[in-house]
Each structure stands twice: as C-alpha cells, then as structure tokens.
There are 2 protein chains.
Amino acid sequence: VPQPYTLASLLLDFESKKPRALARAISVAESGRGGELIRHLFGRTGRAMTIGLTGPPGVGKSTLSSALVRKARSLGKSVGVISVDPSSPFSHGALLGDRIRLTEHFTDADVFIRSMASRGHLGGVAGATADAVLLMDAYGLDVVMIETVGVGQSEIEIAELANTTVVALQPGSGDSIQVLKAGIMEIADIFVINKADHPMANQLRREIRSMMEMLDFSGWVPELVSTQALSGDGVDELWKAIERHAAWLHATGAIASKRAQAFAHQVRQLALGQLQRKLERELRSGVAAGVDPYAAADRVLTAFNVYSDTEEDFGTPHPRATVKGLT
Amino acid sequence: VPQPYTLASLLLDFESKKPRALARAISVAESGRGGELIRHLFGRTGRAMTIGLTGPPGVGKSTLSSALVRKARSLGKSVGVISVDPSSPFSHGALLGDRIRLTEHFTDADVFIRSMASRGHLGGVAGATADAVLLMDAYGLDVVMIETVGVGQSEIEIAELANTTVVALQPGSGDSIQVLKAGIMEIADIFVINKADHPMANQLRREIRSMMEMLDFSGWVPELVSTQALSGDGVDELWKAIERHAAWLHATGAIASKRAQAFAHQVRQLALGQLQRKLERELRSGVAAGVDPYAAADRVLTAFNVYSDTEEDFGTPHPRATVKGLT
C-alpha cells in the first residue's frame, strides 16, 4: 500500500522526475491547493518553450497538436500537453476525442498529456492551467503546449500564459469573422490554415491578410502557415515558424515582457478569485440592501479599503455643477 | 443656444418626460458618470416589464425585436429597446443593421431605441446596460427590451438584468450545440424557433426538448414558441408567452428574487470594476515583484484587507501535514 503523499515526499518524487508526482502535483493545483507546491518550485521555472494552440471546434486542433508533439519528439524534446476544458459539463465528448487522438503518445514516457478542468481553483480554468504550465516547466519538460477549445474569452486569457500563440483556422467555415469578433486577431503569433487543400483556403488566406492590414504590428508580424495535419504536410513549416518566434523573443528580449505578462496574469487571476469570493460574502451580508446600486457598491467596497470619492475618474459632478458632455 | 445640462436641469427634463433628457441620461451612464442620476431616480424604478432577447447572429433577432415592439405598441404600451454591442470595434455593421431594421419605429415618440457600447463604464457593457434599463424604467417606459448579439458570457450576464429572457434559435444552423456550450440553456424562460418554415425546424424543436429533459426546472418550465418574424406569424403567441411568464413571476412572488438578482448583479459589476482598477494599480506598483505568483497575490491582496491565511478553503496544508487527495 503506497503511503499518502506529503508535500515533502511529493516534492522529492517530483525532483526525481517521477511522472506520477507530476500528475499528482497538477491534480493538487487543479483543485486549488497548489500554492505551496508552486512556492517551492517556482525557482525552477522559465526553461520550457510554451506554445498556446487555439481555434474553433472542428478545426483539427487535436490532430495539429499531435503532429507537433511528434515533431518535437523527433527532435528529442520532452513534451507536455495541457488540454483545456472550458468547464462545460457537456464537453466531455470533445475531451475524449482529444484523448483518443493523442493515444499514439500515451506510451511515450517523454510525453505528458493532461486535460484540465477547474474544480475549485480560485483562478478558474485559467488559474489551474497557469499552475500546470509552471509545474510542467519546473518538472523539466522542454515544450509545454496549451491546447484550448473554442474561440472566446477563456483562450484569450490562456494565450497570455504561452510564449508563442498559434491560432488554427479552417477554410470555408466562416472562421475569419469569429476570429475578428473574439479579438483573437491580436493574440496570434502564428496563424495556421489547417485543411489547406480545401477549395476556400486561398480566400481565408486573403481574409487573414487583409485583416492583418487593419492592425499595427510593432515587432513581430504574425506568420501564416498552411497545414494538412492529418498527412503531416506543413507541420515542419509550422514548427519552424514557432522556433522563429521563440528565437525572436529571445533575441529582442521580448521574452522578458512575455514572462512578466504571464506572471501578472496569474497573480491577477489568483487575486481576483479571492476578491470575488469576498465580494460574494459582502453581497450576501445584506450590507448592500435598501439603497440604490451605486450606494450599495460604495458600501460593499469599504470592506476592501476602496472609497469611490477618493478614486480618480469616478467622481460624478456635484448636483449644481455642469455635467460634462451634456450640452 | 441651449444651456448645458446640469444634473438638476437634466432631472427636471427627465421628469417632464422629454426624450432628449432620457437620451442624455443614458449617454452619461454609458460613459460611467451615471451614479448621481441613478441615485436620484432609483426610487422610480421597478415598474417596467423587462425582456431580454438573445441568440446567435443571423437568427433574425432584430426582426423579432421589431415585431415585438409593434405588438407592444398595438397594446398601447411605450417601449424602450436597448441593443447591446459586445464592444467589438468590428461590429458596427451589425449595429447599423439593427438600426435600419428598427427604422419603422423611429418616428414613434413612444418607442425609444438605443444602441449601447461600453466607453469607460466601470461595469463594462453590462454595467452601462444595467444603468440604461433603470433609466428607461424610471422614465416610465412600460416595456424595456434588451437585445444582445451572439451567444456567450456577456449576454448571460445581461440576461440577469431582464425579468423574462427569450432565447431565439434558428433551424439548420447548429445552434443547439452552441446553446449548450454557452450554458444559455439555463437562462431561457422562452425559446423561440424563428424561421419556423425551415425544413429542420422540427429537428431543432426535438433537440431543445431533449436538452430540456437533461435539466431540472423548479417552478417555471421554459416555453417553446415558433415564429416567422418577417411575416409576423407566431409573434402574438410569443407575446402571450412573455406575458404568461411575467404573470407567473408576479403570482408566485418570484419577481422579488429576479429583482434582487438584477440588483446584486449590478452592484457586483460596479464593485468588481472598482476592484479591478485598484488591482491593476497594485500590480503596476511593483509590490508583486520578485516572488512566486501565490506570494505575489498575497502581497497584492493586503491592500484590499484580504489575507489568505484567514480565508477558509484557501489554506494549503502545512509542509509536514498530509496533502489531502494525494494517495
């Protein structure tokens, strides 16, 4: 009968690179109790190449991700894959699909695959994912890939955790418009048009280029790569583009601000989670009852040392003063 | 030359039901300076019938909303329509479309149409919309309709503001799956299948019914109405369903918890906006530098009177203690 892990024995196994310890560490983090582990292991992070892979459902993300794992393994790199569940009770099918497609790597000890959900993590899925990235990095995996389903807020958040963000799109699916809507355009370091043999692939390519013209890029200009992940066509080019972006980050020093951004993102998520918990307690306390919403918010905020009359830009004009903009 | 509005003169015109004063009041709220107005007018709210109308792009939401306005007007009710822009710089086309389709009501003094965006409101679009609902209600409009584009988080938030939420779906568009993903299923009081002459309308109807079977409803069970908003077919039935829901809310007293929920939602958004501003200032202050993310979050949180070791459920086990769940 194995002894229950203590923090000390878990750290010991983690440092001896026992995969079971990494799995346990991520489970602990996932359930919101990873703080102590991260405190001990944070000093070992910052080595891994982190890649975010996102795109709408059906784009072939799992196939792409599997092809990238194969490529990285062929170069002798160990790989961690984090597959993010947008915490929908209905998405088990999609996750199962991911798991099945990644099966070819299941027997490879240098490939570590993990589906994430948020069960009780204060920072939600993004918080749990941030912990998992740090843990895989500290464990010594060379490449950490974060694969997210869908196009929306959560993967924009999660992209903040990756050094290189790859956005996969599919021809003939109206993806381009979705991309615009979600503001995902701004987060892509590399665009991949998967299923590039589709008759509408050229149109999608043109659309992406014309959308890119609407944006200002200072520094890195997103690359556009075409793949057919099933056959493997274009995967080498995609990997090269990822390596070029990583090299650019290091050569220009931009990697430091990427890391600072990921750090700030994680701190923000952790702090917001705590603030929201306290806010809900304050709302339930009844302190906000019997007044208008603005007065109620002011009352609630006193518990946080926030006073609206000392906040710049929130002052409303004195009743007798002219209200700006009202002419 | 008109004098600039003061708060006092704006309130005076507002109380004399001058449409220009309502328009100004909403503009002030939209830019985040509506607190003082709401404080003065909150006592007059709670009379309007509030209806949220949401659904994916292309479902014919504007046509539906226009048909509902026509129906309400035929009953002698004054109507406010709030069209919510999900703050995308690219969605002007969609908004223009809404405006054009609602033109038939532009010359009707008892129909007040307003597109919302978030420019500087601390609570974002949802916060500005909450203010606009209160202002239209206080102004004395009988019906306030909140029309939101898309399926995602923002319209789930906005649905919290409406007493009755109508979710419009379109046959043959794969909408049902989107609905599930966004968790919008739980917020619908009424489902509308628009373009009900579509060959796949029956399939969509069956899908919605079988999804509904997966959920537990205590109290109100969502109604399912079929419409062809262009021809007007089914709009009377939709209006009756909305009235049945409103009557049910009042008969059971559920209206009180709906209102409490909308109030809490608005207070939460206002407070969160302030907390996030302060959080960003703390993050920029450098107090979080040089440590791991968890320690950094703890440091940041002291400015909010939040200390993680006094928070229940956040305590991580002592290094020597057994880590729960690690077996």
# chains A, B, ... in the order shown; residues from 1 in each chain; ligands from 1

$ residues_around --residues "Gly52 in chain A" --least-positions-apart "3" --cutoff "9 Å" --atoms "only C-alpha atoms" --output "VMD selection string"
chain A and resid 144 to 148 155 158 to 167

$ residues_around --residues "Thr252 in chain A" --least-positions-apart "6" --cutoff "12 Å" --atoms "only C-alpha atoms" --output "list in words"
Gly219, Trp220, Arg244, His245, Ala246 and Lys258 of chain A

$ residues_around --residues "Val59 in chain A" --least-positions-apart "3" --cutoff "12 Å" --atoms "only C-alpha atoms" --output "VMD selection string"
chain A and resid 53 to 56 62 to 65 148 to 151 167 to 175 192 to 196 227 to 230

$ write_last_selection --atoms "C-alpha atoms" --output "compact mmCIF listing (two decimals), in the first residue's frame"
# COMPACT_ATOMS: atom_id res chain seq x y z
CA LEU A 53 -2.74 26.37 -29.66
CA THR A 54 -6.26 27.63 -30.12
CA GLY A 55 -9.03 27.78 -32.69
CA PRO A 56 -12.71 26.97 -33.16
CA SER A 62 -6.03 17.78 -31.77
CA THR A 63 -4.54 16.44 -34.98
CA LEU A 64 -2.31 19.52 -35.25
CA SER A 65 -1.28 19.20 -31.64
CA THR A 148 -7.74 25.26 -25.88
CA VAL A 149 -11.12 24.55 -27.41
CA GLY A 150 -13.21 27.28 -28.98
CA VAL A 151 -12.77 30.95 -29.60
CA VAL A 167 -4.32 30.25 -33.92
CA ALA A 168 -5.70 27.50 -36.17
CA LEU A 169 -8.40 28.29 -38.71
CA GLN A 170 -10.34 26.24 -41.18
CA PRO A 171 -11.32 27.28 -44.71
CA GLY A 172 -14.98 27.60 -45.60
CA SER A 173 -16.20 27.72 -42.02
CA GLY A 174 -16.71 31.45 -41.59
CA ASP A 175 -13.90 31.30 -39.05
CA VAL A 192 -2.35 28.11 -39.26
CA ILE A 193 -4.76 27.34 -42.04
CA ASN A 194 -5.42 23.68 -41.50
CA LYS A 195 -7.04 21.51 -44.17
CA ALA A 196 -5.23 23.72 -46.67
CA THR A 227 -1.02 22.62 -42.98
CA GLN A 228 -2.77 19.36 -43.57
CA ALA A 229 -2.16 17.95 -40.15
CA LEU A 230 -3.57 14.51 -40.99

$ closest_residue --among "A:Asp108, A:Glu237, A:Asp137, A:Asp216" --to "Gly76 in chain A" --atoms "only C-alpha atoms"
A:Asp108

$ closest_residue --among "B:Asp131, B:Ile82, B:Pro199, B:Gly43" --to "Gln269 in chain B" --atoms "only C-alpha atoms"
B:Asp131

$ select_by_dssp --residues "range 111-268 of chain A" --states "strand (DSSP E)" --output "mmCIF file with N, CA and C atoms, in the first residue's frame"
data_model
loop_
_atom_site.group_PDB
_atom_site.id
_atom_site.type_symbol
_atom_site.label_atom_id
_atom_site.label_comp_id
_atom_site.auth_asym_id
_atom_site.auth_seq_id
_atom_site.Cartn_x
_atom_site.Cartn_y
_atom_site.Cartn_z
ATOM 1 N N VAL A 111 6.299 12.153 -23.132
ATOM 2 C CA VAL A 111 5.129 12.955 -23.490
ATOM 3 C C VAL A 111 4.145 12.868 -22.332
ATOM 4 N N PHE A 112 3.784 14.022 -21.814
ATOM 5 C CA PHE A 112 2.885 14.062 -20.669
ATOM 6 C C PHE A 112 1.625 14.813 -21.073
ATOM 7 N N ILE A 113 0.486 14.096 -21.122
ATOM 8 C CA ILE A 113 -0.759 14.706 -21.603
ATOM 9 C C ILE A 113 -1.736 14.883 -20.456
ATOM 10 N N ARG A 114 -2.333 16.043 -20.391
ATOM 11 C CA ARG A 114 -3.216 16.316 -19.270
ATOM 12 C C ARG A 114 -4.413 17.163 -19.696
ATOM 13 N N SER A 115 -5.618 16.696 -19.404
ATOM 14 C CA SER A 115 -6.816 17.517 -19.601
ATOM 15 C C SER A 115 -7.077 18.309 -18.335
ATOM 16 N N MET A 116 -7.389 19.571 -18.503
ATOM 17 C CA MET A 116 -7.609 20.415 -17.334
ATOM 18 C C MET A 116 -9.074 20.793 -17.215
ATOM 19 N N VAL A 143 9.060 21.299 -23.887
ATOM 20 C CA VAL A 143 7.995 22.022 -24.569
ATOM 21 C C VAL A 143 6.702 21.824 -23.782
ATOM 22 N N VAL A 144 5.988 22.910 -23.524
ATOM 23 C CA VAL A 144 4.668 22.793 -22.899
ATOM 24 C C VAL A 144 3.652 23.414 -23.851
ATOM 25 N N MET A 145 2.707 22.585 -24.290
ATOM 26 C CA MET A 145 1.717 23.041 -25.256
ATOM 27 C C MET A 145 0.368 23.141 -24.552
ATOM 28 N N ILE A 146 -0.272 24.299 -24.679
ATOM 29 C CA ILE A 146 -1.589 24.503 -24.087
ATOM 30 C C ILE A 146 -2.590 24.543 -25.222
ATOM 31 N N GLU A 147 -3.461 23.549 -25.244
ATOM 32 C CA GLU A 147 -4.428 23.439 -26.324
ATOM 33 C C GLU A 147 -5.795 23.824 -25.780
ATOM 34 N N THR A 148 -6.438 24.827 -26.392
ATOM 35 C CA THR A 148 -7.742 25.255 -25.880
ATOM 36 C C THR A 148 -8.816 25.142 -26.941
ATOM 37 N N VAL A 149 -9.975 24.743 -26.524
ATOM 38 C CA VAL A 149 -11.117 24.553 -27.412
ATOM 39 C C VAL A 149 -11.843 25.883 -27.582
ATOM 40 N N THR A 164 4.375 31.596 -27.207
ATOM 41 C CA THR A 164 4.006 31.644 -28.622
ATOM 42 C C THR A 164 2.573 31.153 -28.773
ATOM 43 N N THR A 165 1.729 31.957 -29.400
ATOM 44 C CA THR A 165 0.324 31.574 -29.572
ATOM 45 C C THR A 165 0.029 31.265 -31.036
ATOM 46 N N VAL A 166 -0.451 30.056 -31.276
ATOM 47 C CA VAL A 166 -0.793 29.601 -32.616
ATOM 48 C C VAL A 166 -2.321 29.558 -32.727
ATOM 49 N N VAL A 167 -2.875 30.257 -33.702
ATOM 50 C CA VAL A 167 -4.324 30.250 -33.921
ATOM 51 C C VAL A 167 -4.615 29.452 -35.186
ATOM 52 N N ALA A 168 -5.370 28.359 -35.032
ATOM 53 C CA ALA A 168 -5.696 27.498 -36.167
ATOM 54 C C ALA A 168 -7.063 27.864 -36.714
ATOM 55 N N LEU A 169 -7.136 27.945 -38.052
ATOM 56 C CA LEU A 169 -8.399 28.290 -38.708
ATOM 57 C C LEU A 169 -8.660 27.294 -39.822
ATOM 58 N N ILE A 190 1.208 33.182 -34.708
ATOM 59 C CA ILE A 190 1.221 32.394 -35.938
ATOM 60 C C ILE A 190 -0.214 31.983 -36.261
ATOM 61 N N PHE A 191 -0.617 32.174 -37.517
ATOM 62 C CA PHE A 191 -1.887 31.634 -37.987
ATOM 63 C C PHE A 191 -1.617 30.345 -38.740
ATOM 64 N N VAL A 192 -2.430 29.340 -38.489
ATOM 65 C CA VAL A 192 -2.353 28.106 -39.256
ATOM 66 C C VAL A 192 -3.661 27.931 -39.989
ATOM 67 N N ILE A 193 -3.578 27.767 -41.300
ATOM 68 C CA ILE A 193 -4.764 27.338 -42.043
ATOM 69 C C ILE A 193 -4.652 25.841 -42.197
ATOM 70 N N GLU A 223 3.018 35.139 -38.537
ATOM 71 C CA GLU A 223 3.252 34.327 -39.734
ATOM 72 C C GLU A 223 1.992 33.560 -40.081
ATOM 73 N N LEU A 224 1.885 33.199 -41.349
ATOM 74 C CA LEU A 224 0.722 32.451 -41.815
ATOM 75 C C LEU A 224 1.218 31.158 -42.441
ATOM 76 N N VAL A 225 0.856 30.024 -41.855
ATOM 77 C CA VAL A 225 1.332 28.721 -42.308
ATOM 78 C C VAL A 225 0.143 27.874 -42.726
ATOM 79 N N SER A 226 0.307 27.105 -43.805
ATOM 80 C CA SER A 226 -0.752 26.187 -44.228
ATOM 81 C C SER A 226 -0.357 24.759 -43.889
#
